[in-house]
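Source file structure08.pdb; content: PDB, C-alpha atoms, pLDDT in the B column.
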ATOM      1  CA  ASN A 231     101.987  76.126  98.148  1.00 64.00           C
ATOM      2  CA  ALA A 232     103.555  78.814  95.960  1.00 76.00           C
ATOM      3  CA  GLY A 233     104.774  81.127  98.757  1.00 94.00           C
ATOM      4  CA  VAL A 234     105.205  84.609  97.274  1.00 97.00           C
ATOM      5  CA  THR A 235     104.409  85.192  93.606  1.00 97.00           C
ATOM      6  CA  GLN A 236     105.042  88.284  91.514  1.00 98.00           C
ATOM      7  CA  THR A 237     103.792  89.326  88.097  1.00 97.00           C
ATOM      8  CA  PRO A 238     105.071  90.166  85.602  1.00 97.00           C
ATOM      9  CA  LYS A 239     108.596  88.701  85.629  1.00 97.00           C
ATOM     10  CA  PHE A 240     109.883  91.213  83.088  1.00 97.00           C
ATOM     11  CA  GLN A 241     108.576  94.547  81.811  1.00 97.00           C
ATOM     12  CA  VAL A 242     109.847  97.275  79.510  1.00 97.00           C
ATOM     13  CA  LEU A 243     108.201 100.699  79.705  1.00 97.00           C
ATOM     14  CA  LYS A 244     108.687 104.021  77.981  1.00 98.00           C
ATOM     15  CA  THR A 245     109.197 107.132  80.086  1.00 98.00           C
ATOM     16  CA  GLY A 246     105.840 108.429  81.280  1.00 97.00           C
ATOM     17  CA  GLN A 247     103.959 105.141  80.997  1.00 97.00           C
ATOM     18  CA  SER A 248     102.256 103.634  84.011  1.00 97.00           C
ATOM     19  CA  MET A 249     102.078 100.095  85.299  1.00 97.00           C
ATOM     20  CA  THR A 250     101.203  98.009  88.332  1.00 98.00           C
ATOM     21  CA  LEU A 251     103.356  95.260  89.785  1.00 98.00           C
ATOM     22  CA  GLN A 252     101.378  92.524  91.490  1.00 98.00           C
ATOM     23  CA  CYS A 253     102.336  90.459  94.532  1.00 98.00           C
ATOM     24  CA  ALA A 254     100.366  87.636  96.113  1.00 98.00           C
ATOM     25  CA  GLN A 255     101.162  85.317  99.015  1.00 97.00           C
ATOM     26  CA  ASP A 256      99.604  82.128 100.320  1.00 95.00           C
ATOM     27  CA  MET A 257     101.585  82.067 103.589  1.00 94.00           C
ATOM     28  CA  ASN A 258      98.823  83.772 105.599  1.00 94.00           C
ATOM     29  CA  HIS A 259     101.293  86.480 106.597  1.00 94.00           C
ATOM     30  CA  ASN A 260     100.141  89.834 107.945  1.00 94.00           C
ATOM     31  CA  SER A 261     102.981  92.043 106.708  1.00 94.00           C
ATOM     32  CA  MET A 262     103.997  92.712 103.112  1.00 95.00           C
ATOM     33  CA  TYR A 263     106.792  94.812 101.600  1.00 96.00           C
ATOM     34  CA  TRP A 264     108.082  96.213  98.336  1.00 97.00           C
ATOM     35  CA  TYR A 265     111.836  96.600  97.768  1.00 97.00           C
ATOM     36  CA  ARG A 266     114.002  97.643  94.872  1.00 98.00           C
ATOM     37  CA  GLN A 267     117.473  96.261  94.199  1.00 97.00           C
ATOM     38  CA  ASP A 268     120.030  98.179  92.160  1.00 96.00           C
ATOM     39  CA  PRO A 269     123.617  97.207  91.277  1.00 90.00           C
ATOM     40  CA  GLY A 270     126.072  98.122  94.011  1.00 85.00           C
ATOM     41  CA  MET A 271     123.336  98.952  96.501  1.00 87.00           C
ATOM     42  CA  GLY A 272     121.551  96.995  99.156  1.00 86.00           C
ATOM     43  CA  LEU A 273     117.869  96.238  98.973  1.00 94.00           C
ATOM     44  CA  ARG A 274     115.897  99.404  99.690  1.00 95.00           C
ATOM     45  CA  LEU A 275     112.385  99.507 101.081  1.00 95.00           C
ATOM     46  CA  ILE A 276     109.850 101.399  98.975  1.00 97.00           C
ATOM     47  CA  TYR A 277     106.591 100.834 100.880  1.00 96.00           C
ATOM     48  CA  TYR A 278     105.266  98.355 103.373  1.00 94.00           C
ATOM     49  CA  SER A 279     102.001  97.168 104.861  1.00 94.00           C
ATOM     50  CA  ALA A 280     102.421  96.057 108.464  1.00 90.00           C
ATOM     51  CA  SER A 281      98.921  94.584 108.454  1.00 90.00           C
ATOM     52  CA  GLU A 282      95.851  94.467 106.237  1.00 91.00           C
ATOM     53  CA  GLY A 283      94.382  97.928 105.844  1.00 90.00           C
ATOM     54  CA  THR A 284      97.590  99.851 106.553  1.00 93.00           C
ATOM     55  CA  THR A 285     100.408 101.106 104.341  1.00 95.00           C
ATOM     56  CA  ASP A 286     103.475 103.219 105.101  1.00 93.00           C
ATOM     57  CA  LYS A 287     106.376 104.778 103.255  1.00 94.00           C
ATOM     58  CA  GLY A 288     109.779 103.195 103.333  1.00 92.00           C
ATOM     59  CA  GLU A 289     113.168 104.607 102.426  1.00 91.00           C
ATOM     60  CA  VAL A 290     112.503 105.457  98.733  1.00 95.00           C
ATOM     61  CA  PRO A 291     108.731 106.012  98.175  1.00 97.00           C
ATOM     62  CA  ASN A 292     108.837 108.880  95.651  1.00 97.00           C
ATOM     63  CA  GLY A 293     107.229 107.993  92.319  1.00 97.00           C
ATOM     64  CA  TYR A 294     105.375 104.968  93.702  1.00 98.00           C
ATOM     65  CA  ASN A 295     102.005 104.147  95.216  1.00 97.00           C
ATOM     66  CA  VAL A 296     100.762 100.943  96.822  1.00 98.00           C
ATOM     67  CA  SER A 297      97.505  99.190  97.561  1.00 97.00           C
ATOM     68  CA  ARG A 298      96.951  96.411 100.082  1.00 96.00           C
ATOM     69  CA  LEU A 299      94.024  94.837  98.280  1.00 90.00           C
ATOM     70  CA  ASN A 300      93.410  92.162 100.916  1.00 95.00           C
ATOM     71  CA  LYS A 301      95.513  90.008 103.218  1.00 95.00           C
ATOM     72  CA  ARG A 302      97.014  88.102 100.271  1.00 97.00           C
ATOM     73  CA  GLU A 303      97.722  90.850  97.748  1.00 97.00           C
ATOM     74  CA  PHE A 304      99.908  93.962  97.731  1.00 98.00           C
ATOM     75  CA  SER A 305     100.412  95.948  94.530  1.00 98.00           C
ATOM     76  CA  LEU A 306     102.963  98.595  93.569  1.00 98.00           C
ATOM     77  CA  ARG A 307     102.036 101.249  91.009  1.00 98.00           C
ATOM     78  CA  LEU A 308     104.271 103.502  88.961  1.00 97.00           C
ATOM     79  CA  GLU A 309     102.094 106.378  87.734  1.00 94.00           C
ATOM     80  CA  SER A 310     104.622 107.952  85.372  1.00 97.00           C
ATOM     81  CA  ALA A 311     107.697 105.800  84.925  1.00 97.00           C
ATOM     82  CA  ALA A 312     111.160 107.372  84.813  1.00 97.00           C
ATOM     83  CA  PRO A 313     114.503 105.830  83.763  1.00 97.00           C
ATOM     84  CA  SER A 314     115.633 106.098  87.406  1.00 97.00           C
ATOM     85  CA  GLN A 315     113.001 103.480  88.238  1.00 98.00           C
ATOM     86  CA  THR A 316     114.799 100.862  86.149  1.00 98.00           C
ATOM     87  CA  SER A 317     115.475  98.204  88.755  1.00 98.00           C
ATOM     88  CA  VAL A 318     114.579  94.776  90.041  1.00 98.00           C
ATOM     89  CA  TYR A 319     111.560  94.874  92.334  1.00 98.00           C
ATOM     90  CA  PHE A 320     110.983  92.351  95.078  1.00 98.00           C
ATOM     91  CA  CYS A 321     107.911  91.719  97.159  1.00 98.00           C
ATOM     92  CA  ALA A 322     108.382  90.173 100.594  1.00 97.00           C
ATOM     93  CA  THR A 323     106.111  88.974 103.381  1.00 95.00           C
ATOM     94  CA  GLY A 324     106.457  88.352 107.098  1.00 92.00           C
ATOM     95  CA  GLU A 325     104.178  86.735 109.647  1.00 88.00           C
ATOM     96  CA  ASN A 326     104.238  90.021 111.541  1.00 80.00           C
ATOM     97  CA  PHE A 327     106.218  93.209 111.081  1.00 76.00           C
ATOM     98  CA  ALA A 328     109.223  92.273 113.213  1.00 75.00           C
ATOM     99  CA  ASP A 329     109.509  88.751 111.854  1.00 84.00           C
ATOM    100  CA  THR A 330     111.659  87.134 109.195  1.00 90.00           C
ATOM    101  CA  GLN A 331     110.805  88.263 105.666  1.00 94.00           C
ATOM    102  CA  TYR A 332     110.353  85.889 102.744  1.00 95.00           C
ATOM    103  CA  PHE A 333     110.915  87.162  99.230  1.00 97.00           C
ATOM    104  CA  GLY A 334     109.269  86.605  95.876  1.00 98.00           C
ATOM    105  CA  PRO A 335     111.149  85.922  92.629  1.00 97.00           C
ATOM    106  CA  GLY A 336     111.241  89.560  91.504  1.00 97.00           C
ATOM    107  CA  THR A 337     110.156  91.726  88.575  1.00 98.00           C
ATOM    108  CA  ARG A 338     112.854  93.106  86.312  1.00 97.00           C
ATOM    109  CA  LEU A 339     111.717  96.535  85.058  1.00 98.00           C
ATOM    110  CA  THR A 340     113.409  98.616  82.382  1.00 98.00           C
ATOM    111  CA  VAL A 341     112.268 102.180  81.679  1.00 97.00           C
ATOM    112  CA  LEU A 342     113.508 103.618  78.392  1.00 97.00           C
TER
ATOM    113  CA  GLU B 141     121.327 105.689 111.240  1.00 80.00           C
ATOM    114  CA  ASP B 142     121.649 101.934 110.977  1.00 83.00           C
ATOM    115  CA  GLN B 143     124.556 100.716 108.854  1.00 90.00           C
ATOM    116  CA  VAL B 144     125.535  97.319 107.497  1.00 95.00           C
ATOM    117  CA  THR B 145     128.897  96.657 105.834  1.00 96.00           C
ATOM    118  CA  GLN B 146     129.719  93.324 104.257  1.00 97.00           C
ATOM    119  CA  SER B 147     133.218  92.177 103.349  1.00 95.00           C
ATOM    120  CA  PRO B 148     134.813  91.195 101.127  1.00 95.00           C
ATOM    121  CA  GLU B 149     132.669  92.321  98.179  1.00 95.00           C
ATOM    122  CA  ALA B 150     133.608  89.153  96.293  1.00 97.00           C
ATOM    123  CA  LEU B 151     135.275  85.904  97.294  1.00 97.00           C
ATOM    124  CA  ARG B 152     136.583  83.117  95.118  1.00 97.00           C
ATOM    125  CA  LEU B 153     137.250  79.750  96.741  1.00 97.00           C
ATOM    126  CA  GLN B 154     138.385  76.385  95.587  1.00 97.00           C
ATOM    127  CA  GLU B 155     135.991  73.550  96.319  1.00 97.00           C
ATOM    128  CA  GLY B 156     136.682  72.346  99.855  1.00 97.00           C
ATOM    129  CA  GLU B 157     138.447  75.570 100.901  1.00 97.00           C
ATOM    130  CA  SER B 158     136.658  76.831 104.029  1.00 98.00           C
ATOM    131  CA  SER B 159     136.270  80.563 104.669  1.00 97.00           C
ATOM    132  CA  SER B 160     134.140  83.203 106.375  1.00 97.00           C
ATOM    133  CA  LEU B 161     132.012  86.114 105.208  1.00 98.00           C
ATOM    134  CA  ASN B 162     131.787  89.174 107.431  1.00 98.00           C
ATOM    135  CA  CYS B 163     128.871  91.458 108.245  1.00 98.00           C
ATOM    136  CA  SER B 164     129.632  94.484 110.443  1.00 97.00           C
ATOM    137  CA  TYR B 165     126.712  96.496 111.736  1.00 96.00           C
ATOM    138  CA  THR B 166     125.838  99.644 113.661  1.00 93.00           C
ATOM    139  CA  VAL B 167     122.433  99.858 115.299  1.00 88.00           C
ATOM    140  CA  SER B 168     121.033 101.502 118.415  1.00 85.00           C
ATOM    141  CA  GLY B 169     119.843  98.131 119.636  1.00 85.00           C
ATOM    142  CA  LEU B 170     119.733  94.872 117.705  1.00 88.00           C
ATOM    143  CA  ARG B 171     116.362  93.237 117.259  1.00 89.00           C
ATOM    144  CA  GLY B 172     117.607  90.654 114.784  1.00 92.00           C
ATOM    145  CA  LEU B 173     120.307  89.949 112.221  1.00 96.00           C
ATOM    146  CA  PHE B 174     119.313  88.055 109.093  1.00 96.00           C
ATOM    147  CA  TRP B 175     121.311  86.154 106.475  1.00 98.00           C
ATOM    148  CA  TYR B 176     119.948  85.492 103.006  1.00 98.00           C
ATOM    149  CA  ARG B 177     121.283  83.714  99.940  1.00 98.00           C
ATOM    150  CA  GLN B 178     120.507  85.112  96.488  1.00 97.00           C
ATOM    151  CA  ASP B 179     121.098  83.251  93.238  1.00 97.00           C
ATOM    152  CA  PRO B 180     121.351  85.230  89.965  1.00 95.00           C
ATOM    153  CA  GLY B 181     117.927  86.268  88.709  1.00 94.00           C
ATOM    154  CA  LYS B 182     116.173  85.028  91.852  1.00 96.00           C
ATOM    155  CA  GLY B 183     114.801  86.510  95.037  1.00 97.00           C
ATOM    156  CA  PRO B 184     116.688  86.328  98.348  1.00 97.00           C
ATOM    157  CA  GLU B 185     116.260  83.024 100.162  1.00 97.00           C
ATOM    158  CA  PHE B 186     116.173  83.107 103.961  1.00 96.00           C
ATOM    159  CA  LEU B 187     118.998  81.299 105.763  1.00 97.00           C
ATOM    160  CA  PHE B 188     119.249  82.385 109.423  1.00 96.00           C
ATOM    161  CA  THR B 189     118.065  84.825 112.053  1.00 95.00           C
ATOM    162  CA  LEU B 190     120.306  85.650 115.033  1.00 96.00           C
ATOM    163  CA  TYR B 191     119.058  87.684 117.973  1.00 93.00           C
ATOM    164  CA  SER B 192     121.792  87.994 120.601  1.00 93.00           C
ATOM    165  CA  ALA B 193     125.578  87.984 120.893  1.00 94.00           C
ATOM    166  CA  GLY B 194     126.976  84.481 121.225  1.00 96.00           C
ATOM    167  CA  GLU B 195     124.168  82.875 119.281  1.00 97.00           C
ATOM    168  CA  GLU B 196     125.077  80.405 116.537  1.00 97.00           C
ATOM    169  CA  LYS B 197     123.007  78.606 113.905  1.00 97.00           C
ATOM    170  CA  GLU B 198     123.958  75.927 111.392  1.00 97.00           C
ATOM    171  CA  LYS B 199     122.560  74.557 108.178  1.00 95.00           C
ATOM    172  CA  GLU B 200     124.512  72.004 106.154  1.00 95.00           C
ATOM    173  CA  ARG B 201     127.897  73.623 105.356  1.00 97.00           C
ATOM    174  CA  LEU B 202     126.898  77.047 106.710  1.00 98.00           C
ATOM    175  CA  LYS B 203     127.268  78.346 110.248  1.00 98.00           C
ATOM    176  CA  ALA B 204     126.273  81.857 111.312  1.00 98.00           C
ATOM    177  CA  THR B 205     127.650  83.509 114.445  1.00 98.00           C
ATOM    178  CA  LEU B 206     126.934  86.849 116.114  1.00 97.00           C
ATOM    179  CA  THR B 207     128.857  89.295 118.289  1.00 95.00           C
ATOM    180  CA  LYS B 208     127.840  92.775 119.442  1.00 92.00           C
ATOM    181  CA  LYS B 209     129.381  94.371 116.363  1.00 94.00           C
ATOM    182  CA  GLU B 210     129.481  91.764 113.624  1.00 97.00           C
ATOM    183  CA  SER B 211     128.267  88.468 112.286  1.00 98.00           C
ATOM    184  CA  PHE B 212     130.174  85.816 110.393  1.00 98.00           C
ATOM    185  CA  LEU B 213     128.876  83.283 107.927  1.00 98.00           C
ATOM    186  CA  HIS B 214     131.318  80.386 108.004  1.00 98.00           C
ATOM    187  CA  ILE B 215     131.345  78.068 105.000  1.00 98.00           C
ATOM    188  CA  THR B 216     132.934  74.686 105.616  1.00 98.00           C
ATOM    189  CA  ALA B 217     134.236  72.651 102.660  1.00 97.00           C
ATOM    190  CA  PRO B 218     132.174  74.628 100.116  1.00 97.00           C
ATOM    191  CA  LYS B 219     130.849  73.107  96.918  1.00 97.00           C
ATOM    192  CA  PRO B 220     130.210  74.842  93.572  1.00 97.00           C
ATOM    193  CA  GLU B 221     126.490  74.901  94.367  1.00 97.00           C
ATOM    194  CA  ASP B 222     127.251  77.252  97.276  1.00 97.00           C
ATOM    195  CA  SER B 223     128.131  79.936  94.722  1.00 98.00           C
ATOM    196  CA  ALA B 224     125.703  82.839  95.243  1.00 98.00           C
ATOM    197  CA  THR B 225     125.446  86.305  96.720  1.00 97.00           C
ATOM    198  CA  TYR B 226     125.016  86.323 100.504  1.00 98.00           C
ATOM    199  CA  LEU B 227     123.076  89.211 102.015  1.00 98.00           C
ATOM    200  CA  CYS B 228     123.098  90.401 105.605  1.00 97.00           C
ATOM    201  CA  ALA B 229     120.395  92.610 107.143  1.00 96.00           C
ATOM    202  CA  VAL B 230     119.701  94.050 110.596  1.00 93.00           C
ATOM    203  CA  ARG B 231     116.590  95.238 112.369  1.00 90.00           C
ATOM    204  CA  ASP B 232     116.930  97.965 114.955  1.00 84.00           C
ATOM    205  CA  ALA B 233     115.196  97.429 118.279  1.00 76.00           C
ATOM    206  CA  THR B 234     114.154 101.077 118.626  1.00 72.00           C
ATOM    207  CA  GLY B 235     110.644 101.967 117.522  1.00 65.00           C
ATOM    208  CA  ALA B 236     107.650  99.780 116.866  1.00 59.00           C
ATOM    209  CA  ASN B 237     108.020  99.879 113.117  1.00 60.00           C
ATOM    210  CA  SER B 238     111.760  99.571 112.633  1.00 68.00           C
ATOM    211  CA  LYS B 239     112.713  98.257 109.225  1.00 83.00           C
ATOM    212  CA  LEU B 240     115.417  96.028 107.816  1.00 89.00           C
ATOM    213  CA  THR B 241     118.682  97.602 106.666  1.00 92.00           C
ATOM    214  CA  PHE B 242     120.529  95.474 104.107  1.00 95.00           C
ATOM    215  CA  GLY B 243     124.197  95.285 103.230  1.00 96.00           C
ATOM    216  CA  LYS B 244     125.345  95.246  99.617  1.00 96.00           C
ATOM    217  CA  GLY B 245     126.094  91.534  99.649  1.00 97.00           C
ATOM    218  CA  ILE B 246     129.095  89.268  99.154  1.00 97.00           C
ATOM    219  CA  THR B 247     129.391  87.367  95.884  1.00 97.00           C
ATOM    220  CA  LEU B 248     130.868  83.923  96.489  1.00 98.00           C
ATOM    221  CA  SER B 249     132.262  81.798  93.674  1.00 98.00           C
ATOM    222  CA  VAL B 250     133.371  78.230  94.361  1.00 98.00           C
ATOM    223  CA  ARG B 251     135.501  76.586  91.683  1.00 97.00           C
ATOM    224  CA  PRO B 252     135.381  72.806  91.202  1.00 96.00           C
TER
END

What does the file become when written as structure tokens?
Amino acid sequence: NAGVTQTPKFQVLKTGQSMTLQCAQDMNHNSMYWYRQDPGMGLRLIYYSASEGTTDKGEVPNGYNVSRLNKREFSLRLESAAPSQTSVYFCATGENFADTQYFGPGTRLTVL
Amino acid sequence: EDQVTQSPEALRLQEGESSSLNCSYTVSGLRGLFWYRQDPGKGPEFLFTLYSAGEEKEKERLKATLTKKESFLHITAPKPEDSATYLCAVRDATGANSKLTFGKGITLSVRP
């Protein structure tokens, strides 16, 4: 039972490149989330999927897109990476939207 | 706008020296207050959820309490392995899709 997994663990991109961060969960949870964590700031919500088939913007959605592929998988795409997107990205899941969230191990992204 | 302030930013304790971490919050109505532990390079690990003033929860050396304006995470006789960053988050009761607002965290170091 792996819980929440994220790939890759580390990534270095050049400005303008694109990439997709993958998140998968085996907890049978309905809700999934993408956060970013920057030094000196709290975790900030980028996008979320309250249930399969739905996605909504969070606090900082600009420059990102998401896909809820199925109940288990939720991906985050950067179409044209910018240095301001250098951050640590966390995926989280919850049984339902208002419930406790459980986090993955994170992806550390550097954009040069 | 929901706000979460954690203090102090950093705390250094001697092994066995008990102390408390503070989380002050402002929400229209509290739907839940969450405590997480985060080790360097890892994702946040869920500790507690508190829902109403007066509620308390315990786990090993940790005890979380809640009032109408703040929550405390009490650490009794800490050990070096308790060293981590402790995150507090709140969910507002207003709206069907209210999201978590995180504080910036408190970095705890416990010296042997």

Practice prompt. Identify every residue of chain A that has at least one atom within 6 Å of any atom of chain B, counting all atoms listed in the file, and report the result as number ranges by chain.
Written response: A: 271-273, 333-336

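Reported to one decimal place, the separation of CA of Leu190 (chain B) from CA of Arg152 (chain B) is 25.8 Å.
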
Item to complete: Report the residues retrieved by the PyMOL selection byres ((chain A and resi 236) around 7) from the displayed file, expressed as JSON, numbers by chain.
Response: {"A": [234, 235, 237, 238, 239, 252, 253, 254, 334, 335, 336, 337]}

Discussion item. I'd like to see the residues matched by the PyMOL selection byres ((chain A and resi 313) around 7) on this file, and ideally I'd get them as a PyMOL selection string.
Written reply: chain A and resi 245+311-312+314-316+341-342

Neighbour list for Ser147 (chain B) as a short mmCIF file (atom, residue, chain, number, x, y, z; two decimals) with C-alpha atoms, in the coordinates of the input, cut-off 9 Å, only C-alpha atoms, skip fewer than 3 positions in-chain:
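Contents of around-v3.cif, freshly written:
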data_model
loop_
_atom_site.label_atom_id
_atom_site.label_comp_id
_atom_site.auth_asym_id
_atom_site.auth_seq_id
_atom_site.Cartn_x
_atom_site.Cartn_y
_atom_site.Cartn_z
CA ALA B 150 133.61 89.15 96.29
CA LEU B 151 135.28 85.90 97.29
CA LEU B 161 132.01 86.11 105.21
CA ASN B 162 131.79 89.17 107.43
CA CYS B 163 128.87 91.46 108.24
CA SER B 164 129.63 94.48 110.44
CA GLY B 245 126.09 91.53 99.65
CA ILE B 246 129.10 89.27 99.15
#

Item to complete: Expand the PyMOL selection byres ((chain A and resi 298) around 8) into the individual residues it matches in the shown file, reporting them as a PyMOL selection string.
Response: chain A and resi 279+282-285+296-297+299-301+303-305

Selection above as a file: C-alpha atoms, as an mmCIF file, in the frame of the given file:
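The resulting file, out21.cif, is reproduced below:
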data_model
loop_
_atom_site.group_PDB
_atom_site.id
_atom_site.type_symbol
_atom_site.label_atom_id
_atom_site.label_comp_id
_atom_site.auth_asym_id
_atom_site.auth_seq_id
_atom_site.Cartn_x
_atom_site.Cartn_y
_atom_site.Cartn_z
ATOM 1 C CA SER A 279 102.001 97.168 104.861
ATOM 2 C CA GLU A 282 95.851 94.467 106.237
ATOM 3 C CA GLY A 283 94.382 97.928 105.844
ATOM 4 C CA THR A 284 97.590 99.851 106.553
ATOM 5 C CA THR A 285 100.408 101.106 104.341
ATOM 6 C CA VAL A 296 100.762 100.943 96.822
ATOM 7 C CA SER A 297 97.505 99.190 97.561
ATOM 8 C CA LEU A 299 94.024 94.837 98.280
ATOM 9 C CA ASN A 300 93.410 92.162 100.916
ATOM 10 C CA LYS A 301 95.513 90.008 103.218
ATOM 11 C CA GLU A 303 97.722 90.850 97.748
ATOM 12 C CA PHE A 304 99.908 93.962 97.731
ATOM 13 C CA SER A 305 100.412 95.948 94.530
#

Practice prompt. Record the distance separating CA of Ala232 (chain A) and CA of His259 (chain A), expressed in Å with one decimal.
Written response: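 Result for CA of Ala232 (chain A) versus CA of His259 (chain A): 13.3 Å, one decimal.
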
Worksheet item: How many Å lie between CA of Glu196 (chain B) and CA of Arg251 (chain B), rounded to one decimal?
Response: 27.2 Å

Item to complete: Using all atoms listed in the file, pick whichever of B:Pro220, B:Tyr226, B:Lys203, B:Thr234 has the shortest atom-to-atom distance to Pro252 (chain B).
Response: B:Pro220

Item to complete: List the neighbours of Ser281 (chain A) out to 8 Å using all atoms listed in the file; skip same-chain residues closer than 4 positions along the sequence, and give me the result as a PyMOL selection string.
Response: chain A and resi 260-262+285+301+326-327

Worksheet entry | Which residue of B:Ser192, B:Thr247, B:Glu198, B:Ala217 approaches Gly169 (chain B) most closely, using only C-alpha atoms | B:Ser192

Near Arg307 (chain A), counting only C-alpha atoms, which residues have an atom at most 12 Å away, once you skip same-chain residues fewer than 5 positions from it, shown as a short mmCIF file (atom, residue, chain, number, x, y, z; two decimals) with C-alpha atoms, in the coordinates of the input?
data_model
loop_
_atom_site.label_atom_id
_atom_site.label_comp_id
_atom_site.auth_asym_id
_atom_site.auth_seq_id
_atom_site.Cartn_x
_atom_site.Cartn_y
_atom_site.Cartn_z
CA GLN A 247 103.96 105.14 81.00
CA SER A 248 102.26 103.63 84.01
CA MET A 249 102.08 100.10 85.30
CA THR A 250 101.20 98.01 88.33
CA LEU A 251 103.36 95.26 89.78
CA GLN A 252 101.38 92.52 91.49
CA CYS A 253 102.34 90.46 94.53
CA TRP A 264 108.08 96.21 98.34
CA ILE A 276 109.85 101.40 98.98
CA TYR A 277 106.59 100.83 100.88
CA PRO A 291 108.73 106.01 98.18
CA ASN A 292 108.84 108.88 95.65
CA GLY A 293 107.23 107.99 92.32
CA TYR A 294 105.38 104.97 93.70
CA ASN A 295 102.00 104.15 95.22
CA VAL A 296 100.76 100.94 96.82
CA SER A 297 97.50 99.19 97.56
CA ARG A 298 96.95 96.41 100.08
CA GLN A 315 113.00 103.48 88.24
CA TYR A 319 111.56 94.87 92.33
#

Worksheet entry | Polymer residues at most 10 Å from Lys209 (chain B), all atoms listed in the file, same-chain spacing of 4 or more positions, as a PyMOL selection string | chain B and resi 163-167+170+193
